[in-house]
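Colleague: Structure file structure-v3.pdb (PDB, C-alpha atoms, pLDDT in the B column) right here:
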```
MODEL        1
ATOM      1  CA  MET Y   1      11.578   7.425   3.663  1.00 88.00           C
ATOM      2  CA  LYS Y   2       9.247   6.109   6.351  1.00 89.00           C
ATOM      3  CA  TYR Y   3       9.090   9.561   7.947  1.00 95.00           C
ATOM      4  CA  ILE Y   4       8.081  11.126   4.627  1.00 94.00           C
ATOM      5  CA  ILE Y   5       5.383   8.491   4.225  1.00 94.00           C
ATOM      6  CA  LEU Y   6       4.146   9.122   7.761  1.00 95.00           C
ATOM      7  CA  LEU Y   7       4.124  12.884   7.177  1.00 95.00           C
ATOM      8  CA  VAL Y   8       2.129  12.513   3.939  1.00 95.00           C
ATOM      9  CA  PHE Y   9      -0.351  10.191   5.664  1.00 96.00           C
ATOM     10  CA  ILE Y  10      -0.865  12.560   8.601  1.00 97.00           C
ATOM     11  CA  ALA Y  11      -1.264  15.530   6.248  1.00 96.00           C
ATOM     12  CA  CYS Y  12      -3.877  13.726   4.149  1.00 96.00           C
ATOM     13  CA  ILE Y  13      -5.882  12.488   7.129  1.00 96.00           C
ATOM     14  CA  THR Y  14      -5.690  15.927   8.759  1.00 96.00           C
ATOM     15  CA  SER Y  15      -6.914  17.550   5.548  1.00 96.00           C
ATOM     16  CA  ILE Y  16      -9.888  15.197   5.383  1.00 95.00           C
ATOM     17  CA  ILE Y  17     -10.802  15.689   9.053  1.00 96.00           C
ATOM     18  CA  VAL Y  18     -10.448  19.470   8.864  1.00 95.00           C
ATOM     19  CA  GLY Y  19     -12.575  19.515   5.710  1.00 95.00           C
ATOM     20  CA  TYR Y  20     -15.362  17.683   7.520  1.00 95.00           C
ATOM     21  CA  THR Y  21     -15.223  19.628  10.775  1.00 95.00           C
ATOM     22  CA  ILE Y  22     -14.633  23.238   9.712  1.00 92.00           C
ATOM     23  CA  ASP Y  23     -17.405  24.992   7.832  1.00 89.00           C
ATOM     24  CA  VAL Y  24     -15.575  27.126   5.264  1.00 92.00           C
ATOM     25  CA  SER Y  25     -16.122  27.661   1.556  1.00 93.00           C
ATOM     26  CA  TYR Y  26     -13.198  25.436   0.537  1.00 93.00           C
ATOM     27  CA  SER Y  27     -13.935  22.490   2.859  1.00 94.00           C
ATOM     28  CA  GLN Y  28     -14.811  20.209  -0.075  1.00 95.00           C
ATOM     29  CA  LYS Y  29     -11.450  21.026  -1.651  1.00 95.00           C
ATOM     30  CA  LEU Y  30      -9.709  20.013   1.583  1.00 95.00           C
ATOM     31  CA  ILE Y  31     -11.512  16.680   1.605  1.00 96.00           C
ATOM     32  CA  GLY Y  32     -10.803  16.089  -2.078  1.00 96.00           C
ATOM     33  CA  GLY Y  33      -7.172  17.071  -1.714  1.00 96.00           C
ATOM     34  CA  GLY Y  34      -6.766  14.683   1.204  1.00 96.00           C
ATOM     35  CA  VAL Y  35      -8.326  11.799  -0.719  1.00 97.00           C
ATOM     36  CA  LEU Y  36      -6.240  12.533  -3.820  1.00 97.00           C
ATOM     37  CA  GLY Y  37      -3.138  12.726  -1.674  1.00 96.00           C
ATOM     38  CA  LEU Y  38      -3.901   9.340  -0.169  1.00 96.00           C
ATOM     39  CA  PHE Y  39      -4.455   7.646  -3.511  1.00 96.00           C
ATOM     40  CA  PHE Y  40      -1.879   9.355  -5.725  1.00 96.00           C
ATOM     41  CA  VAL Y  41       0.936  10.119  -3.257  1.00 95.00           C
ATOM     42  CA  PHE Y  42       0.677   7.970  -0.118  1.00 95.00           C
ATOM     43  CA  ILE Y  43      -0.240   4.581  -1.602  1.00 95.00           C
ATOM     44  CA  PRO Y  44       2.457   4.628  -4.343  1.00 94.00           C
ATOM     45  CA  LEU Y  45       5.125   5.771  -1.866  1.00 94.00           C
ATOM     46  CA  PHE Y  46       4.072   3.139   0.650  1.00 93.00           C
ATOM     47  CA  SER Y  47       3.992   0.398  -2.005  1.00 90.00           C
ATOM     48  CA  TYR Y  48       7.423   1.357  -3.322  1.00 90.00           C
ATOM     49  CA  HIS Y  49       8.869   1.410   0.183  1.00 91.00           C
ATOM     50  CA  ARG Y  50       7.463  -2.024   1.077  1.00 88.00           C
ATOM     51  CA  TRP Y  51       8.392  -3.760  -2.212  1.00 86.00           C
ATOM     52  CA  LYS Y  52      11.857  -2.239  -2.618  1.00 85.00           C
ATOM     53  CA  GLY Y  53      14.520  -4.945  -2.937  1.00 83.00           C
ATOM     54  CA  ARG Y  54      12.142  -7.872  -3.397  1.00 82.00           C
ATOM     55  CA  ASP Y  55      12.088 -10.247  -6.311  1.00 78.00           C
ATOM     56  CA  ILE Y  56       8.734 -10.092  -8.073  1.00 77.00           C
ATOM     57  CA  LYS Y  57       9.193 -13.640  -9.425  1.00 75.00           C
ATOM     58  CA  GLU Y  58       8.645 -15.014  -5.927  1.00 75.00           C
ATOM     59  CA  TYR Y  59       5.047 -13.765  -6.043  1.00 75.00           C
ATOM     60  CA  MET Y  60       4.195 -14.815  -9.606  1.00 81.00           C
ATOM     61  CA  ILE Y  61       2.452 -18.075 -10.381  1.00 83.00           C
ATOM     62  CA  THR Y  62       4.970 -20.120 -12.305  1.00 86.00           C
ATOM     63  CA  LYS Y  63       5.412 -23.858 -12.832  1.00 87.00           C
ATOM     64  CA  GLU Y  64       8.050 -24.017 -10.092  1.00 86.00           C
ATOM     65  CA  ASN Y  65       5.878 -22.144  -7.589  1.00 85.00           C
ATOM     66  CA  LEU Y  66       2.885 -24.354  -8.366  1.00 87.00           C
ATOM     67  CA  ASP Y  67       5.032 -27.421  -7.754  1.00 88.00           C
ATOM     68  CA  LYS Y  68       6.212 -25.983  -4.420  1.00 87.00           C
ATOM     69  CA  MET Y  69       2.620 -25.286  -3.350  1.00 86.00           C
ATOM     70  CA  ARG Y  70       1.546 -28.820  -4.294  1.00 88.00           C
ATOM     71  CA  ASP Y  71       4.455 -30.333  -2.375  1.00 87.00           C
ATOM     72  CA  ASN Y  72       3.609 -28.254   0.704  1.00 84.00           C
ATOM     73  CA  GLU Y  73      -0.026 -29.305   0.467  1.00 82.00           C
ATOM     74  CA  ARG Y  74       0.945 -32.996   0.273  1.00 82.00           C
ATOM     75  CA  ARG Y  75       3.195 -32.686   3.332  1.00 81.00           C
ATOM     76  CA  LYS Y  76       0.364 -31.243   5.420  1.00 74.00           C
ATOM     77  CA  LYS Y  77      -1.855 -34.278   4.820  1.00 65.00           C
TER
ENDMDL
END
```
Go through the file and emit its structure as structure tokens.
Modeller:
Amino acid sequence: MKYIILLVFIACITSIIVGYTIDVSYSQKLIGGGVLGLFFVFIPLFSYHRWKGRDIKEYMITKENLDKMRDNERRKK
């Protein structure tokens, strides 16, 4: 999965760079395709890969998490 993500990232960045450097009639389409690829393909794949297997409740603000944060803050003082 990480190799697919790396390949998509390199392809998108290459498309953007080639679109800026080469003066052809479809250079704006290369830039746009690279940006769209970054936002609609790379970022969701990367986010899925990084968050896979994690419990989302650990990152939500709940009563228990607020109590833990308050206890940690009191211990620091």
Colleague: Which residues are close to stretch 40-54 of chain Y, i.e. within 12 Å by only C-alpha atoms, leaving aside same-chain residues fewer than 4 positions away? Reply as a list in words.
Modeller: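 The neighbour list is Met1, Lys2, Tyr3, Ile4, Ile5, Leu6, Leu7, Val8, Phe9, Ile10, Ala11, Cys12, Ile13, Gly32, Gly33, Gly34, Val35, Leu36, Glu58 and Tyr59 of chain Y.
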Colleague: Within 10 Å of stretch 23-31 of chain Y, counting all atoms listed in the file, which residues show up once you throw out same-chain ones fewer than 6 positions away? Write them as an NGL selection string, please.
Modeller: :Y and (12-17 or 37)
Colleague: For atom CA of Y:Ile56 and atom CA of Y:Arg74, quote the distance in Å rounded to one decimal.
Modeller: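 Going from atom CA of Y:Ile56 over to atom CA of Y:Arg74, I get 25.6 Å.
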Colleague: So the first atom is atom CA of Y:Lys57 and the second is atom CA of Y:Met69; what is the distance between them in Å, to one decimal place?
Modeller: 14.7 Å
Colleague: Please compute the atom CA of Y:Leu38-atom CA of Y:Tyr20 distance, one decimal, in Å.
Modeller: 16.1 Å
Colleague: Report, as AutoDock Vina command-line options, the axis-aligned box around all atoms of stretch 57-76 of chain Y present in the file, extended by 8 Å on each side; give centre and edge lengths in Å to one decimal place.
Modeller:
```
--center_x 4.6 --center_y -23.3 --center_z -3.7 --size_x 25.2 --size_y 35.4 --size_z 34.3
```
